[in-house]
Amino acid sequence: MRKRLTQVFPFLLPIRKKQKLFCFYTKMSLDSNTYVKEVMKTTLPFVQCETISQLINKNTGFDIKYQENKVFNLILAIEPIDGIMIKPTETFSLWRLIRYADKVTQYKEGLTVVNGETIASVGGGLCQLSNLLFDLFLHSPLTIIERHGHRMKEFPELSNHIVKGIDATIAEGWLDLKVVNETNRTYQVKLNIQNNEITATLYCDKEPEYDYEIINDHLHYFYKDKQCIEEVDVIKVIKSRTNNESVRIEKCYTNRCIIAYELPSEIKVEGEK
């Protein structure tokens with residue numbers, strides 16, 4: 001197996017990270033996108049959609065302090081996003097907005113996945129924010145232009161009713177979450193942490209014409225290379241707000257990830273382990 005240069009010479013890793021970050025943000029400054037930057041304290045009049053995520057997951061099997069540290073990190077990260085405006089033709093980049101969120105107050109150690117292994121690292125847990133925002137954007141007419149699914153699901157969802165495959169991992173310098181506003185409407189993201197929940201709401205300057213429902217199709221599990229794989233189609237159902245009838249049904253993508261925990265016995269897994 002070929003080794004990376006930084007694996008042979010570990011002392012080069014900090015230099016490599018700085019190089020990646022420089023290229024990452026320089027590329028954004030030179031591309032043709034107009035990135036969002038205006039934050040408005042007053043709230044736009046109409047709600048397009050809202051999504052809520054529970055903060056503390058007791059099913060991780062790790063010390064609860066990492067969940068508490070994650071909440072601390074999320075509070076820092078949502079500050080530069082809360083109230084951000086997404087105007088027509090503008091692009092939302094999660095990393096561009098939270099790049100300096102820890103400049104004054106440093107992040108704490110939270111859980112993150114590195115090379116398929118769950119470890120504690122400074123700034124861990126921010127994927128819950130990207131997951132939440134991705135879910136929010138899916139329920140809107142905004143166009144998602146960059147999203148990266150998690151390669152592995154380390155622990156079960158908090159509820160069996162959660163739509164599967166709705167996640168977006170981020171890694172500064174490598175992976176971002178981006179959407180572009182190709183509509184003639186202006187949107188605003190509002191975020192709030194309260195009572196062990198984080199709520200994301202997308203507001204609009206005009207009354208929305210449609211609602212966007214996300215459902216699953218063709219969910220199945222199978223073994224590949226001795227690993228359990230979850231594969232599912234993520235479907236968007238566009239409904240008229242006038243009569244709640246379906247206007248259009250779109251397949252967004254097929255999500256595939258490794259299941260790293262024991263599935264309930266009633267779930268059928270195809271193939272042999």
# chains A, B, ... in the order shown; residues from 1 in each chain; ligands from 1
>>> select_by_dssp(residues="segment 50-249 of chain A", states="strand (DSSP E or B)", output="PyMOL selection string")
chain A and resi 50-54+84-86+90-93+109-114+117-122+143-146+152-153+171+175+178-180+187-194+197-204+210-224+227-240+246-249
>>> residues_around(residues="Asn181 of chain A", least_positions_apart="5", cutoff="10 Å", atoms="only C-alpha atoms", output="ChimeraX atom specification")
/A:86-92,141-144,186-187
>>> write_last_selection(atoms="N, CA and C atoms", output="mmCIF file, in the first residue's frame")
data_model
loop_
_atom_site.group_PDB
_atom_site.id
_atom_site.type_symbol
_atom_site.label_atom_id
_atom_site.label_comp_id
_atom_site.auth_asym_id
_atom_site.auth_seq_id
_atom_site.Cartn_x
_atom_site.Cartn_y
_atom_site.Cartn_z
ATOM 1 N N ILE A 86 -29.571 34.956 1.593
ATOM 2 C CA ILE A 86 -29.168 34.287 0.352
ATOM 3 C C ILE A 86 -29.997 34.910 -0.769
ATOM 4 N N LYS A 87 -29.408 35.894 -1.431
ATOM 5 C CA LYS A 87 -30.121 36.648 -2.456
ATOM 6 C C LYS A 87 -30.020 35.934 -3.810
ATOM 7 N N PRO A 88 -30.866 36.310 -4.766
ATOM 8 C CA PRO A 88 -30.794 35.690 -6.095
ATOM 9 C C PRO A 88 -29.382 35.739 -6.670
ATOM 10 N N THR A 89 -28.927 34.637 -7.220
ATOM 11 C CA THR A 89 -27.606 34.389 -7.834
ATOM 12 C C THR A 89 -26.497 34.197 -6.798
ATOM 13 N N GLU A 90 -26.768 34.378 -5.520
ATOM 14 C CA GLU A 90 -25.715 34.238 -4.510
ATOM 15 C C GLU A 90 -25.516 32.775 -4.106
ATOM 16 N N THR A 91 -24.299 32.484 -3.636
ATOM 17 C CA THR A 91 -23.923 31.131 -3.228
ATOM 18 C C THR A 91 -23.624 31.098 -1.732
ATOM 19 N N PHE A 92 -24.178 30.107 -1.059
ATOM 20 C CA PHE A 92 -23.937 29.870 0.362
ATOM 21 C C PHE A 92 -22.839 28.819 0.492
ATOM 22 N N PRO A 141 -36.356 25.493 -2.672
ATOM 23 C CA PRO A 141 -35.985 25.531 -4.093
ATOM 24 C C PRO A 141 -34.529 25.889 -4.345
ATOM 25 N N LEU A 142 -33.740 26.066 -3.304
ATOM 26 C CA LEU A 142 -32.315 26.356 -3.486
ATOM 27 C C LEU A 142 -31.619 25.155 -4.118
ATOM 28 N N THR A 143 -30.608 25.426 -4.944
ATOM 29 C CA THR A 143 -29.908 24.371 -5.678
ATOM 30 C C THR A 143 -28.631 23.977 -4.942
ATOM 31 N N ILE A 144 -28.532 22.712 -4.567
ATOM 32 C CA ILE A 144 -27.350 22.212 -3.865
ATOM 33 C C ILE A 144 -26.270 21.885 -4.888
ATOM 34 N N THR A 186 -35.458 36.099 -2.219
ATOM 35 C CA THR A 186 -34.382 36.172 -1.240
ATOM 36 C C THR A 186 -34.740 35.304 -0.045
ATOM 37 N N TYR A 187 -33.753 34.543 0.433
ATOM 38 C CA TYR A 187 -33.962 33.658 1.575
ATOM 39 C C TYR A 187 -33.059 34.067 2.728
#
>>> residues_around(residues="segment 98-108 of chain A", least_positions_apart="3", cutoff="6 Å", atoms="only C-alpha atoms", output="tab-separated table (two decimals) with N, CA and C atoms, in the first residue's frame")
chain	number	residue	atom	x	y	z
A	69	ASN	N	-19.44	19.15	24.59
A	69	ASN	CA	-18.48	19.98	23.86
A	69	ASN	C	-18.98	20.30	22.45
A	73	ASN	N	-19.36	23.90	20.59
A	73	ASN	CA	-18.82	24.21	19.27
A	73	ASN	C	-19.90	24.73	18.32
A	76	LEU	N	-20.78	28.38	18.81
A	76	LEU	CA	-19.81	29.27	18.16
A	76	LEU	C	-20.05	29.32	16.65
A	77	ALA	N	-20.32	28.17	16.06
A	77	ALA	CA	-20.41	28.08	14.60
A	77	ALA	C	-21.68	28.71	14.03
A	95	TRP	N	-18.25	26.68	4.94
A	95	TRP	CA	-16.91	26.97	5.47
A	95	TRP	C	-16.54	28.44	5.32
A	122	VAL	N	-10.46	18.65	18.31
A	122	VAL	CA	-10.91	20.02	18.51
A	122	VAL	C	-11.81	20.43	17.34
A	123	GLY	N	-12.98	20.92	17.67
A	123	GLY	CA	-13.93	21.32	16.63
A	123	GLY	C	-14.84	20.21	16.17
>>> closest_residue(among="A:Val39, A:Val247, A:Cys257, A:Leu97", to="Glu154 of chain A", atoms="only C-alpha atoms")
A:Cys257
>>> closest_residue(among="A:Leu202, A:Leu94, A:Glu209, A:Leu138", to="Ile81 of chain A", atoms="only C-alpha atoms")
A:Leu94
>>> closest_residue(among="A:Ile75, A:Ile145, A:Leu44, A:Ile249", to="Val180 of chain A", atoms="only C-alpha atoms")
A:Ile145
>>> closest_residue(among="A:Met152, A:Val234, A:Leu55, A:Ile193", to="Thr118 of chain A", atoms="only C-alpha atoms")
A:Met152
>>> closest_residue(among="A:Ala168, A:Leu191, A:Cys23, A:Val47", to="Leu74 of chain A", atoms="only C-alpha atoms")
A:Leu191
>>> residues_around(residues="His148 of chain A", least_positions_apart="6", cutoff="9 Å", atoms="only C-alpha atoms", output="list of chain:residue names")
A:Asp167, A:Ala168, A:Thr169, A:Ile170, A:Leu175, A:Asp176, A:Leu177
>>> residues_around(residues="segment 223-231 of chain A", least_positions_apart="6", cutoff="6 Å", atoms="only C-alpha atoms", output="list in words")
Asn255, Arg256, Cys257, Ile258, Ile259, Gly271 and Lys273 of chain A
>>> atom_distance(atom1="atom CA of Glu182 of chain A", atom2="atom CA of Glu250 of chain A")
17.4 Å
>>> atom_distance(atom1="atom CA of Ile267 of chain A", atom2="atom CA of His220 of chain A")
9.0 Å
>>> closest_residue(among="A:Ala200, A:Leu133, A:Ile238, A:Ile78", to="Ile215 of chain A", atoms="only C-alpha atoms")
A:Ile238
>>> atom_distance(atom1="atom CA of Thr199 of chain A", atom2="atom CA of Gln54 of chain A")
8.9 Å
>>> select_by_dssp(residues="segment 22-160 of chain A", states="alpha helix (DSSP H)", output="PyMOL selection string")
chain A and resi 22-30+64-78+94-98+127-138
>>> decode(residues="segment 76-107 of chain A", atoms="N, CA, C and O atoms", output="PDB file, in the first residue's frame")
ATOM      1  N   LEU A  76     -20.782  28.380  18.810  1.00  0.00           N
ATOM      2  CA  LEU A  76     -19.813  29.270  18.157  1.00  0.00           C
ATOM      3  C   LEU A  76     -20.050  29.320  16.652  1.00  0.00           C
ATOM      4  O   LEU A  76     -20.006  30.397  16.038  1.00  0.00           O
ATOM      5  N   ALA A  77     -20.317  28.167  16.060  1.00  0.00           N
ATOM      6  CA  ALA A  77     -20.412  28.079  14.598  1.00  0.00           C
ATOM      7  C   ALA A  77     -21.681  28.708  14.034  1.00  0.00           C
ATOM      8  O   ALA A  77     -21.669  29.200  12.902  1.00  0.00           O
ATOM      9  N   ILE A  78     -22.774  28.699  14.796  1.00  0.00           N
ATOM     10  CA  ILE A  78     -24.025  29.237  14.243  1.00  0.00           C
ATOM     11  C   ILE A  78     -24.051  30.767  14.264  1.00  0.00           C
ATOM     12  O   ILE A  78     -24.819  31.378  13.519  1.00  0.00           O
ATOM     13  N   GLU A  79     -23.187  31.377  15.082  1.00  0.00           N
ATOM     14  CA  GLU A  79     -23.234  32.843  15.213  1.00  0.00           C
ATOM     15  C   GLU A  79     -23.051  33.573  13.878  1.00  0.00           C
ATOM     16  O   GLU A  79     -23.829  34.478  13.551  1.00  0.00           O
ATOM     17  N   PRO A  80     -22.057  33.228  13.051  1.00  0.00           N
ATOM     18  CA  PRO A  80     -21.896  33.953  11.781  1.00  0.00           C
ATOM     19  C   PRO A  80     -22.929  33.570  10.711  1.00  0.00           C
ATOM     20  O   PRO A  80     -23.000  34.225   9.668  1.00  0.00           O
ATOM     21  N   ILE A  81     -23.724  32.530  10.970  1.00  0.00           N
ATOM     22  CA  ILE A  81     -24.723  32.095   9.985  1.00  0.00           C
ATOM     23  C   ILE A  81     -26.103  32.657  10.300  1.00  0.00           C
ATOM     24  O   ILE A  81     -26.881  32.948   9.389  1.00  0.00           O
ATOM     25  N   ASP A  82     -26.409  32.817  11.576  1.00  0.00           N
ATOM     26  CA  ASP A  82     -27.745  33.238  11.992  1.00  0.00           C
ATOM     27  C   ASP A  82     -28.124  34.582  11.379  1.00  0.00           C
ATOM     28  O   ASP A  82     -27.475  35.602  11.626  1.00  0.00           O
ATOM     29  N   GLY A  83     -29.155  34.586  10.552  1.00  0.00           N
ATOM     30  CA  GLY A  83     -29.617  35.806   9.895  1.00  0.00           C
ATOM     31  C   GLY A  83     -29.027  36.034   8.520  1.00  0.00           C
ATOM     32  O   GLY A  83     -29.339  37.045   7.871  1.00  0.00           O
ATOM     33  N   ILE A  84     -28.194  35.115   8.028  1.00  0.00           N
ATOM     34  CA  ILE A  84     -27.537  35.318   6.730  1.00  0.00           C
ATOM     35  C   ILE A  84     -28.565  35.336   5.603  1.00  0.00           C
ATOM     36  O   ILE A  84     -29.499  34.544   5.580  1.00  0.00           O
ATOM     37  N   MET A  85     -28.386  36.250   4.663  1.00  0.00           N
ATOM     38  CA  MET A  85     -29.280  36.400   3.521  1.00  0.00           C
ATOM     39  C   MET A  85     -28.702  35.652   2.314  1.00  0.00           C
ATOM     40  O   MET A  85     -27.497  35.720   2.055  1.00  0.00           O
ATOM     41  N   ILE A  86     -29.571  34.956   1.593  1.00  0.00           N
ATOM     42  CA  ILE A  86     -29.168  34.287   0.352  1.00  0.00           C
ATOM     43  C   ILE A  86     -29.997  34.910  -0.769  1.00  0.00           C
ATOM     44  O   ILE A  86     -31.138  34.527  -1.017  1.00  0.00           O
ATOM     45  N   LYS A  87     -29.408  35.894  -1.431  1.00  0.00           N
ATOM     46  CA  LYS A  87     -30.121  36.648  -2.456  1.00  0.00           C
ATOM     47  C   LYS A  87     -30.020  35.934  -3.810  1.00  0.00           C
ATOM     48  O   LYS A  87     -29.180  35.042  -3.985  1.00  0.00           O
ATOM     49  N   PRO A  88     -30.866  36.310  -4.766  1.00  0.00           N
ATOM     50  CA  PRO A  88     -30.794  35.690  -6.095  1.00  0.00           C
ATOM     51  C   PRO A  88     -29.382  35.739  -6.670  1.00  0.00           C
ATOM     52  O   PRO A  88     -28.699  36.763  -6.567  1.00  0.00           O
ATOM     53  N   THR A  89     -28.927  34.637  -7.220  1.00  0.00           N
ATOM     54  CA  THR A  89     -27.606  34.389  -7.834  1.00  0.00           C
ATOM     55  C   THR A  89     -26.497  34.197  -6.798  1.00  0.00           C
ATOM     56  O   THR A  89     -25.373  33.845  -7.174  1.00  0.00           O
ATOM     57  N   GLU A  90     -26.768  34.378  -5.520  1.00  0.00           N
ATOM     58  CA  GLU A  90     -25.715  34.238  -4.510  1.00  0.00           C
ATOM     59  C   GLU A  90     -25.516  32.775  -4.106  1.00  0.00           C
ATOM     60  O   GLU A  90     -26.436  31.954  -4.182  1.00  0.00           O
ATOM     61  N   THR A  91     -24.299  32.484  -3.636  1.00  0.00           N
ATOM     62  CA  THR A  91     -23.923  31.131  -3.228  1.00  0.00           C
ATOM     63  C   THR A  91     -23.624  31.098  -1.732  1.00  0.00           C
ATOM     64  O   THR A  91     -22.893  31.945  -1.212  1.00  0.00           O
ATOM     65  N   PHE A  92     -24.178  30.107  -1.059  1.00  0.00           N
ATOM     66  CA  PHE A  92     -23.937  29.870   0.362  1.00  0.00           C
ATOM     67  C   PHE A  92     -22.839  28.819   0.492  1.00  0.00           C
ATOM     68  O   PHE A  92     -22.966  27.711  -0.039  1.00  0.00           O
ATOM     69  N   SER A  93     -21.749  29.167   1.176  1.00  0.00           N
ATOM     70  CA  SER A  93     -20.679  28.216   1.487  1.00  0.00           C
ATOM     71  C   SER A  93     -20.563  28.143   2.998  1.00  0.00           C
ATOM     72  O   SER A  93     -20.301  29.155   3.660  1.00  0.00           O
ATOM     73  N   LEU A  94     -20.747  26.950   3.551  1.00  0.00           N
ATOM     74  CA  LEU A  94     -20.696  26.809   5.011  1.00  0.00           C
ATOM     75  C   LEU A  94     -19.318  27.181   5.558  1.00  0.00           C
ATOM     76  O   LEU A  94     -19.207  27.925   6.534  1.00  0.00           O
ATOM     77  N   TRP A  95     -18.249  26.676   4.937  1.00  0.00           N
ATOM     78  CA  TRP A  95     -16.915  26.967   5.468  1.00  0.00           C
ATOM     79  C   TRP A  95     -16.540  28.438   5.321  1.00  0.00           C
ATOM     80  O   TRP A  95     -15.851  28.992   6.179  1.00  0.00           O
ATOM     81  N   ARG A  96     -16.978  29.060   4.253  1.00  0.00           N
ATOM     82  CA  ARG A  96     -16.662  30.485   4.070  1.00  0.00           C
ATOM     83  C   ARG A  96     -17.278  31.327   5.193  1.00  0.00           C
ATOM     84  O   ARG A  96     -16.701  32.325   5.620  1.00  0.00           O
ATOM     85  N   LEU A  97     -18.429  30.875   5.691  1.00  0.00           N
ATOM     86  CA  LEU A  97     -19.111  31.610   6.752  1.00  0.00           C
ATOM     87  C   LEU A  97     -18.528  31.333   8.137  1.00  0.00           C
ATOM     88  O   LEU A  97     -18.425  32.230   8.966  1.00  0.00           O
ATOM     89  N   ILE A  98     -18.135  30.087   8.396  1.00  0.00           N
ATOM     90  CA  ILE A  98     -17.689  29.738   9.755  1.00  0.00           C
ATOM     91  C   ILE A  98     -16.169  29.661   9.870  1.00  0.00           C
ATOM     92  O   ILE A  98     -15.646  29.183  10.875  1.00  0.00           O
ATOM     93  N   ARG A  99     -15.476  30.155   8.870  1.00  0.00           N
ATOM     94  CA  ARG A  99     -14.008  30.062   8.840  1.00  0.00           C
ATOM     95  C   ARG A  99     -13.365  30.606  10.114  1.00  0.00           C
ATOM     96  O   ARG A  99     -12.421  30.018  10.648  1.00  0.00           O
ATOM     97  N   TYR A 100     -13.870  31.726  10.620  1.00  0.00           N
ATOM     98  CA  TYR A 100     -13.256  32.361  11.793  1.00  0.00           C
ATOM     99  C   TYR A 100     -14.152  32.276  13.028  1.00  0.00           C
ATOM    100  O   TYR A 100     -14.004  33.076  13.963  1.00  0.00           O
ATOM    101  N   ALA A 101     -15.069  31.321  13.056  1.00  0.00           N
ATOM    102  CA  ALA A 101     -16.014  31.223  14.171  1.00  0.00           C
ATOM    103  C   ALA A 101     -15.317  30.969  15.509  1.00  0.00           C
ATOM    104  O   ALA A 101     -15.837  31.315  16.567  1.00  0.00           O
ATOM    105  N   ASP A 102     -14.129  30.355  15.474  1.00  0.00           N
ATOM    106  CA  ASP A 102     -13.398  30.043  16.710  1.00  0.00           C
ATOM    107  C   ASP A 102     -12.202  30.961  16.921  1.00  0.00           C
ATOM    108  O   ASP A 102     -11.295  30.641  17.699  1.00  0.00           O
ATOM    109  N   LYS A 103     -12.194  32.109  16.261  1.00  0.00           N
ATOM    110  CA  LYS A 103     -11.033  33.002  16.343  1.00  0.00           C
ATOM    111  C   LYS A 103     -10.864  33.580  17.748  1.00  0.00           C
ATOM    112  O   LYS A 103      -9.740  33.675  18.263  1.00  0.00           O
ATOM    113  N   VAL A 104     -11.959  33.959  18.391  1.00  0.00           N
ATOM    114  CA  VAL A 104     -11.897  34.559  19.734  1.00  0.00           C
ATOM    115  C   VAL A 104     -11.956  33.479  20.807  1.00  0.00           C
ATOM    116  O   VAL A 104     -11.125  33.424  21.715  1.00  0.00           O
ATOM    117  N   THR A 105     -12.966  32.612  20.705  1.00  0.00           N
ATOM    118  CA  THR A 105     -13.131  31.506  21.647  1.00  0.00           C
ATOM    119  C   THR A 105     -12.855  30.200  20.916  1.00  0.00           C
ATOM    120  O   THR A 105     -13.488  29.921  19.898  1.00  0.00           O
ATOM    121  N   GLN A 106     -11.939  29.406  21.406  1.00  0.00           N
ATOM    122  CA  GLN A 106     -11.537  28.194  20.712  1.00  0.00           C
ATOM    123  C   GLN A 106     -12.572  27.075  20.865  1.00  0.00           C
ATOM    124  O   GLN A 106     -13.249  26.970  21.885  1.00  0.00           O
ATOM    125  N   TYR A 107     -12.684  26.256  19.825  1.00  0.00           N
ATOM    126  CA  TYR A 107     -13.525  25.069  19.891  1.00  0.00           C
ATOM    127  C   TYR A 107     -12.997  24.097  20.948  1.00  0.00           C
ATOM    128  O   TYR A 107     -11.813  24.088  21.279  1.00  0.00           O
TER     129      TYR A 107
END
